[in-house]
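Structure data (mmCIF, C-alpha atoms) from coords_32.cif:
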data_structure
loop_
_atom_site.label_atom_id
_atom_site.label_comp_id
_atom_site.auth_asym_id
_atom_site.auth_seq_id
_atom_site.Cartn_x
_atom_site.Cartn_y
_atom_site.Cartn_z
CA MET F 1 47.92 55.12 25.50
CA ILE F 2 45.94 52.22 23.99
CA ASN F 3 47.99 49.76 22.03
CA ARG F 4 46.52 49.48 18.56
CA ASP F 5 47.43 45.80 18.25
CA GLU F 6 45.67 45.00 21.51
CA LEU F 7 42.62 46.97 20.38
CA ARG F 8 42.55 45.15 17.06
CA GLN F 9 42.83 41.78 18.81
CA GLU F 10 40.05 42.81 21.21
CA LEU F 11 37.75 43.77 18.31
CA ILE F 12 38.50 40.50 16.50
CA LEU F 13 37.78 38.53 19.66
CA ARG F 14 34.48 40.34 20.15
CA GLU F 15 33.53 39.68 16.54
CA HIS F 16 34.30 36.01 17.01
CA ILE F 17 32.24 35.92 20.18
CA ARG F 18 29.26 37.50 18.39
CA GLY F 19 29.62 34.94 15.62
CA ALA F 20 29.75 32.10 18.16
CA ILE F 21 26.64 33.41 19.91
CA LYS F 22 24.77 33.51 16.59
CA VAL F 23 25.71 29.91 15.88
CA VAL F 24 24.60 28.73 19.32
CA LYS F 25 21.30 30.64 19.13
CA GLY F 26 20.70 29.29 15.63
CA ARG F 27 21.26 25.73 16.80
CA ARG F 28 18.93 26.26 19.75
CA ASN F 29 16.22 27.71 17.51
CA ARG F 30 16.51 24.78 15.12
CA ARG F 31 16.28 22.32 18.01
CA LEU F 32 13.15 24.03 19.36
CA LEU F 33 11.68 24.06 15.87
CA ARG F 34 12.27 20.32 15.45
CA GLU F 35 10.72 19.63 18.86
CA ARG F 36 7.60 21.62 17.97
CA ARG F 37 7.34 19.83 14.64
CA ASP F 38 7.73 16.40 16.27
CA GLU F 39 5.08 17.29 18.84
CA LYS F 40 2.65 18.30 16.09
CA GLN F 41 3.27 15.06 14.23
CA LEU F 42 2.73 13.04 17.42
CA ARG F 43 -0.54 14.85 18.11
CA ARG F 44 -1.67 14.18 14.54
CA VAL F 45 -0.89 10.46 14.84
CA ILE F 46 -2.76 10.18 18.14
CA ARG F 47 -5.80 11.97 16.68
CA ASP F 48 -5.78 9.60 13.71
CA PHE F 49 -5.66 6.55 16.00
CA ILE F 50 -8.56 7.89 18.06
CA ALA F 51 -10.60 8.62 14.91
CA GLU F 52 -9.94 5.13 13.52
CA GLY F 53 -10.97 3.53 16.81
CA GLN F 54 -14.21 5.50 16.93
CA SER F 55 -14.95 4.64 13.30
CA ALA F 56 -14.35 0.92 13.94
CA VAL F 57 -16.70 0.91 16.93
CA ALA F 58 -19.40 2.80 15.05
CA SER F 59 -19.28 0.50 12.01
CA VAL F 60 -20.15 -2.83 13.66
CA ALA F 61 -23.31 -4.68 12.54
CA ARG F 62 -24.85 -1.97 10.40
CA HIS F 63 -26.89 -3.97 7.90
CA ASP F 64 -30.08 -5.97 8.15
CA SER F 65 -28.47 -8.91 6.30
CA THR F 66 -26.01 -11.25 7.96
CA GLY F 67 -24.57 -12.01 4.53
CA ILE F 68 -23.77 -8.33 3.91
CA ASN F 69 -22.29 -7.99 7.41
CA ALA F 70 -20.05 -10.98 6.72
CA LEU F 71 -19.02 -9.49 3.38
CA GLU F 72 -18.15 -6.12 4.93
CA ASP F 73 -16.12 -7.85 7.62
CA LEU F 74 -14.26 -9.75 4.90
CA LEU F 75 -13.44 -6.61 2.92
CA ARG F 76 -12.64 -4.50 5.98
CA ASN F 77 -10.59 -6.92 8.11
CA THR F 78 -8.69 -9.09 5.63
CA ASN F 79 -6.12 -8.35 2.93
CA VAL F 80 -8.46 -9.21 0.04
CA LEU F 81 -8.74 -5.66 -1.29
CA PHE F 82 -5.06 -4.93 -0.65
CA VAL F 83 -4.01 -7.98 -2.68
CA VAL F 84 -6.25 -7.26 -5.67
CA GLU F 85 -5.41 -3.54 -5.67
CA THR F 86 -1.68 -4.25 -5.59
CA GLY F 87 -1.95 -6.86 -8.31
CA TYR F 88 -4.22 -4.76 -10.54
CA LYS F 89 -2.14 -1.59 -10.30
CA SER F 90 1.10 -3.47 -10.94
CA LEU F 91 -0.02 -4.26 -14.51
CA THR F 92 1.09 -0.99 -16.13
CA THR F 93 2.41 -2.10 -19.53
CA ARG F 94 0.52 -0.49 -22.40
CA THR F 95 1.08 -2.25 -25.72
CA LYS F 96 0.39 -0.92 -29.19
CA ASP F 97 -2.92 -2.81 -29.16
CA ASP F 98 -4.10 -1.00 -26.02
CA PRO F 99 -5.95 2.33 -26.05
CA GLU F 100 -3.99 5.44 -25.11
CA LYS F 101 -6.13 5.88 -22.02
CA GLY F 102 -8.17 3.53 -19.88
CA GLN F 103 -7.97 -0.13 -19.02
CA THR F 104 -5.24 -2.20 -20.65
CA LYS F 105 -5.62 -5.81 -21.78
CA GLN F 106 -3.50 -6.99 -18.86
CA ARG F 107 -5.68 -5.25 -16.27
CA SER F 108 -8.88 -6.31 -18.02
CA SER F 109 -7.67 -9.92 -18.00
CA TYR F 110 -6.76 -9.67 -14.32
CA GLU F 111 -10.21 -8.34 -13.41
CA ASN F 112 -12.07 -10.96 -15.46
CA HIS F 113 -10.03 -13.83 -14.03
CA ILE F 114 -10.50 -12.70 -10.41
CA LEU F 115 -14.28 -12.30 -10.82
CA SER F 116 -14.57 -15.63 -12.63
CA ALA F 117 -12.46 -17.40 -10.00
CA VAL F 118 -14.64 -16.06 -7.19
CA LYS F 119 -17.79 -17.32 -8.91
CA LYS F 120 -16.28 -20.76 -9.53
CA ALA F 121 -15.01 -21.05 -5.95
CA LEU F 122 -18.37 -20.16 -4.37
CA ALA F 123 -20.56 -22.22 -6.73
CA PRO F 124 -19.77 -25.69 -5.30
CA GLU F 125 -19.94 -24.38 -1.73
CA GLU F 126 -23.38 -22.90 -2.31
CA SER F 127 -24.59 -26.07 -4.05
CA ARG F 128 -23.34 -28.19 -1.14
CA LYS F 129 -25.14 -26.03 1.42
CA ASN F 130 -28.37 -25.89 -0.59
CA ALA F 131 -28.38 -29.65 -1.18
CA GLY F 132 -29.24 -30.37 2.45
CA GLU F 133 -28.35 -33.59 4.23
CA ASP F 134 -26.94 -36.53 2.31
CA VAL F 135 -29.44 -39.25 1.48
CA GLU F 136 -28.55 -42.63 2.98
CA ILE F 137 -28.59 -45.52 0.48
CA THR F 138 -30.24 -48.58 2.02
CA GLU F 139 -31.00 -50.67 -1.07
CA ASP F 140 -29.27 -54.05 -0.99
CA ILE F 141 -27.30 -54.97 -4.08
CA ASP F 142 -26.73 -58.66 -4.79
CA ILE F 143 -23.18 -59.08 -6.06
CA ASP F 144 -21.69 -62.49 -6.86
CA ILE F 145 -17.93 -62.22 -6.26
CA ARG F 146 -15.92 -64.49 -8.55
CA ASP F 147 -12.28 -65.43 -8.41
CA LYS F 148 -11.65 -63.38 -11.52
CA PRO F 149 -14.18 -60.60 -12.02
CA GLU F 150 -12.89 -60.10 -15.54
CA ASP F 151 -14.52 -63.43 -16.50
CA ASP F 152 -17.98 -62.13 -15.75
CA PRO F 153 -19.79 -61.46 -19.05
CA ASP F 154 -21.17 -58.20 -17.61
CA PHE F 155 -17.70 -56.88 -16.81
CA ILE F 156 -16.72 -53.87 -18.96
CA ASP F 157 -13.00 -53.56 -19.44
CA VAL F 158 -12.03 -49.90 -19.79
CA GLU F 159 -8.34 -50.23 -18.91
CA GLY F 160 -7.26 -51.93 -22.11
CA ASP F 161 -4.00 -53.76 -22.63
CA GLU F 162 -1.79 -50.75 -21.79
CA GLU F 163 -2.29 -48.16 -19.10
CA GLU F 164 -2.65 -44.69 -20.50
CA GLU F 165 -0.08 -42.18 -19.36
CA GLU F 166 -1.35 -39.57 -16.94
CA VAL F 167 -1.43 -36.11 -18.44
CA GLU F 168 -0.30 -33.29 -16.16
CA VAL F 169 -2.80 -30.49 -15.96
CA ASP F 170 -1.43 -26.95 -16.07
CA GLU F 171 -3.25 -25.20 -13.24
CA LYS F 172 -2.82 -21.78 -14.84
CA GLU F 173 -4.26 -23.01 -18.13
CA GLU F 174 -7.20 -24.57 -16.29
CA PHE F 175 -7.66 -21.30 -14.35
CA GLY F 176 -7.50 -19.19 -17.50
CA ILE F 177 -10.17 -17.76 -19.76
CA ASN F 178 -9.76 -18.25 -23.50
CA GLY F 179 -8.70 -15.14 -25.37
CA GLU F 180 -7.58 -13.21 -22.28
CA ASP F 181 -4.09 -11.79 -21.75
CA LYS F 182 -1.84 -14.36 -20.06
CA THR F 183 0.14 -11.87 -17.98
CA GLY F 184 -3.06 -10.70 -16.32
CA ARG F 185 -4.14 -14.33 -15.95
CA ASN F 186 -0.90 -15.36 -14.26
CA ARG F 187 -0.99 -12.50 -11.75
CA ALA F 188 -4.66 -13.18 -11.02
CA PHE F 189 -3.86 -16.87 -10.47
CA THR F 190 -1.15 -15.99 -7.95
CA ASP F 191 -3.24 -13.39 -6.13
CA PHE F 192 -6.41 -15.49 -5.95
CA SER F 193 -4.48 -18.25 -4.20
CA LYS F 194 -3.73 -15.69 -1.46
CA ILE F 195 -7.34 -14.60 -0.89
CA GLU F 196 -9.38 -17.73 -1.71
CA LYS F 197 -9.16 -19.13 1.82
CA ASP F 198 -10.42 -15.90 3.43
CA ILE F 199 -13.35 -15.73 1.02
CA LEU F 200 -14.38 -19.35 1.54
CA THR F 201 -14.02 -19.06 5.33
CA ALA F 202 -16.37 -16.07 5.45
CA PHE F 203 -18.81 -17.77 3.06
CA ASP F 204 -18.74 -21.07 4.98
CA ASP F 205 -19.87 -19.34 8.18
CA LEU F 206 -23.20 -18.62 6.50
CA ASP F 207 -26.01 -21.14 6.15
CA ASP F 208 -29.19 -19.26 5.27
CA PRO F 209 -29.78 -19.38 1.47
CA GLN F 210 -30.64 -15.67 1.37
CA ASP F 211 -27.43 -14.75 3.19
CA LEU F 212 -25.42 -16.94 0.84
CA ALA F 213 -26.97 -15.31 -2.22
CA MET F 214 -26.47 -11.79 -0.86
CA PHE F 215 -22.83 -12.49 0.03
CA GLU F 216 -21.99 -13.85 -3.41
CA GLU F 217 -23.90 -11.21 -5.39
CA TYR F 218 -22.51 -8.23 -3.53
CA LEU F 219 -18.97 -9.62 -3.35
CA ILE F 220 -18.89 -9.78 -7.16
CA LYS F 221 -20.46 -6.30 -7.46
CA ASN F 222 -18.07 -4.73 -4.96
CA LEU F 223 -14.99 -6.27 -6.53
CA ALA F 224 -16.08 -4.94 -9.93
CA LEU F 225 -16.64 -1.48 -8.42
CA TYR F 226 -13.25 -1.53 -6.71
CA PHE F 227 -11.56 -2.46 -9.99
CA GLU F 228 -13.26 0.54 -11.58
CA LYS F 229 -12.04 2.71 -8.70
CA TYR F 230 -8.46 1.46 -9.10
CA GLU F 231 -8.58 2.18 -12.83
CA ASN F 232 -9.78 5.73 -12.19
CA GLU F 233 -6.97 6.25 -9.72
CA LEU F 234 -4.45 5.16 -12.34
CA ASP F 235 -6.01 7.53 -14.89
CA ASP F 236 -5.87 10.40 -12.39
CA GLU F 237 -2.07 10.35 -12.30
CA PRO F 238 -1.11 13.63 -14.02
CA ASP F 239 1.16 13.63 -17.02
CA ALA F 240 4.36 15.67 -16.80
CA PRO F 241 3.83 19.15 -18.30
CA PRO F 242 5.63 19.82 -21.62
CA GLU F 243 7.57 22.65 -19.97
CA ALA F 244 9.25 20.15 -17.63
CA ALA F 245 11.27 18.70 -20.51
CA ASP F 246 12.95 22.08 -21.15
CA ALA F 247 13.35 23.06 -17.51
CA GLU F 248 16.89 23.64 -16.23
CA ALA F 249 18.09 23.34 -12.67
CA ASP F 250 18.94 26.56 -10.78
CA GLU F 251 22.60 27.37 -10.32
CA ALA F 252 24.14 26.06 -7.14
CA GLY F 253 23.80 28.46 -4.23
CA ALA F 254 21.12 30.61 -5.92
CA THR F 255 18.44 31.89 -3.54
CA ASP F 256 15.45 34.19 -3.81
CA ALA F 257 16.32 37.74 -2.85
CA GLY F 258 12.99 38.25 -1.09
CA ALA F 259 12.98 35.02 0.91
CA SER F 260 11.85 35.45 4.51
CA GLU F 261 13.04 33.45 7.47
CA GLU F 262 11.00 30.23 7.48
CA GLU F 263 11.39 26.55 7.93
CA ILE F 264 12.96 24.62 5.09
CA PRO F 265 13.46 20.83 4.65
CA GLY F 266 15.85 19.33 7.15
CA GLY F 267 14.87 21.72 9.94
CA GLU F 268 17.11 24.57 8.69
CA LEU F 269 16.08 28.23 8.71
CA ALA F 270 16.17 30.30 5.55
CA PRO F 271 18.06 33.59 6.14
CA GLU F 272 16.25 36.90 5.98
CA ALA F 273 16.82 39.10 2.96
CA GLY F 274 19.86 41.33 3.47
CA ALA F 275 20.67 39.70 6.81
CA GLU F 276 24.26 39.57 7.87
CA GLU F 277 25.86 36.17 7.38
CA ASP F 278 26.41 34.15 10.52
CA THR F 279 30.18 34.36 10.36
CA ASP F 280 33.02 34.54 7.91
CA MET F 281 35.26 32.69 10.33
CA PRO F 282 36.52 29.26 9.24
CA GLU F 283 34.73 26.42 10.99
CA PHE F 284 37.82 25.12 12.79
CA GLU F 285 38.64 28.57 14.20
CA LEU F 286 35.05 29.08 15.33
CA GLN F 287 35.05 25.77 17.19
CA GLU F 288 38.30 26.73 18.90
CA VAL F 289 36.83 30.04 20.12
CA ILE F 290 33.61 28.38 21.34
CA ARG F 291 35.58 25.83 23.30
CA HIS F 292 37.07 28.60 25.48
CA LEU F 293 33.77 30.44 26.09
CA ASN F 294 31.11 30.00 28.75
CA ILE F 295 28.19 30.18 26.35
CA ASP F 296 25.50 29.77 29.04
CA ASP F 297 26.70 32.87 30.91
CA ILE F 298 26.85 34.87 27.69
CA LEU F 299 23.28 33.89 26.72
CA LYS F 300 21.93 34.72 30.18
CA ASN F 301 23.36 38.22 29.86
CA LEU F 302 21.90 38.67 26.42
CA LEU F 303 18.39 37.39 27.19
#

Could you show the structure in this file as structure tokens?
Amino acid sequence: MINRDELRQELILREHIRGAIKVVKGRRNRRLLRERRDEKQLRRVIRDFIAEGQSAVASVARHDSTGINALEDLLRNTNVLFVVETGYKSLTTRTKDDPEKGQTKQRSSYENHILSAVKKALAPEESRKNAGEDVEITEDIDIDIRDKPEDDPDFIDVEGDEEEEEVEVDEKEEFGINGEDKTGRNRAFTDFSKIEKDILTAFDDLDDPQDLAMFEEYLIKNLALYFEKYENELDDEPDAPPEAADAEADEAGATDAGASEEEIPGGELAPEAGAEEDTDMPEFELQEVIRHLNIDDILKNLL
């Protein structure tokens, strides 16, 4: 005669074993899912690297102007655009004097100061290159050196009795444009100091007047176009829908009744609708049962 207690214990043990098998299979499925996802991401990264390499090789020396080639190399291979984009997009304050949409005074000031600074920086370099070689002065000047030059009747004394105090020049004020927002000016001053050297280095490599003119003209045009692009990107940011203000979070533990088994964030699997729960056994009891089982042998028999 079968002992009912032994039968009950046997049924409980079998139930625990089935629960343990479900847990192990679930963990294995999640591990395989993560491996597949990681492999897909790795393949995507490798494809992107290959595409970038092919694009870089195909985009060398495309234009019939050395000045334009130098400009493209500057914009493509330095941080000039990154610096101005970061600085421009960081100016997000909209005051009561600004329009509800579009460019703010701070961003407008930033753009105007950067464009003006580029023009001022390139002007003396272009003038120096276009001036040609320095003219040597060979004319002899007859100068009669006296013990005290101040006694010469032709001497013009501009120093006066007291030396004038030197006035410190505020570099930001000298950099600025009258009437423009000072926050935009200050950020432009900081950012231009980061990119000025790269711009002048690229410009200084050129010598042909036509290349110099093309470089300067199209640098200004492209910077202006990029500023317009950055502004459009800021305007494209969608406003939060009115319904979002009244939305309430779902109750904890609530799930869709018709949800199918699929991947969810964190690599977990959503349970099928109406599926039996993995186990009602407490976690510590489940771990104790698993510790005494040969899971590999059980899985081999099941598969």

Margin query: I'd like the neighbourhood of stretch 92-97 of chain F as JSON, numbers by chain, where a residue qualifies if any of its atoms comes within 9 Å (using all atoms listed in the file), though same-chain residues fewer than 6 positions away should be ignored.
Written below: {"F": [104, 105, 106, 107]}

Would you export the selected residues with C-alpha atoms as a PDB file, in the coordinates of the input, please?
ATOM      1  CA  THR F 104      -5.240  -2.200 -20.650  1.00  0.00           C
ATOM      2  CA  LYS F 105      -5.620  -5.810 -21.780  1.00  0.00           C
ATOM      3  CA  GLN F 106      -3.500  -6.990 -18.860  1.00  0.00           C
ATOM      4  CA  ARG F 107      -5.680  -5.250 -16.270  1.00  0.00           C
TER       5      ARG F 107
END

Check: Do you know which residues the PyMOL selection byres ((chain F and resi 194-196) around 10) returns on this file, as a VMD selection string?
Finding: chain F and resid 78 to 84 117 to 118 121 to 122 188 to 193 197 to 201

Produce a file of the selected residues containing C-alpha atoms, as a compact mmCIF listing (two decimals), in the frame of the given file.
# COMPACT_ATOMS: atom_id res chain seq x y z
CA THR F 78 -8.69 -9.09 5.63
CA ASN F 79 -6.12 -8.35 2.93
CA VAL F 80 -8.46 -9.21 0.04
CA LEU F 81 -8.74 -5.66 -1.29
CA PHE F 82 -5.06 -4.93 -0.65
CA VAL F 83 -4.01 -7.98 -2.68
CA VAL F 84 -6.25 -7.26 -5.67
CA ALA F 117 -12.46 -17.40 -10.00
CA VAL F 118 -14.64 -16.06 -7.19
CA ALA F 121 -15.01 -21.05 -5.95
CA LEU F 122 -18.37 -20.16 -4.37
CA ALA F 188 -4.66 -13.18 -11.02
CA PHE F 189 -3.86 -16.87 -10.47
CA THR F 190 -1.15 -15.99 -7.95
CA ASP F 191 -3.24 -13.39 -6.13
CA PHE F 192 -6.41 -15.49 -5.95
CA SER F 193 -4.48 -18.25 -4.20
CA LYS F 197 -9.16 -19.13 1.82
CA ASP F 198 -10.42 -15.90 3.43
CA ILE F 199 -13.35 -15.73 1.02
CA LEU F 200 -14.38 -19.35 1.54
CA THR F 201 -14.02 -19.06 5.33

Next item on the list: Excluding stretch 223-231 of chain F and any residue of its chain fewer than 3 positions from it, enumerate the residues within 7 Å of it, using only C-alpha atoms, and give them as JSON, numbers by chain.
Entry: {"F": [85, 103, 111, 219, 220, 234, 235]}

Notebook entry, point to check: In Å to one decimal, how far is atom CA of F:Phe215 from atom CA of F:Glu72?
Noted result: 9.3 Å

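Going from atom CA of F:Leu71 over to atom CA of F:Lys221, you cover 11.4 Å.
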
Item checked: Which of F:Arg4, F:Lys120, F:Arg47, F:His113 sits closest to F:Lys172 [using all atoms listed in the file] -> F:His113

Check: In Å, how far is it from atom CA of F:Glu216 to atom CA of F:Gly102?
Finding: 27.6 Å

Notebook entry, point to check: Nearest to F:Gly176 among F:Leu33, F:Ile21, F:Ala51, F:Ile114, with distances taken over all atoms listed in the file: which residue is it?
Noted result: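 Closest candidate: F:Ile114.
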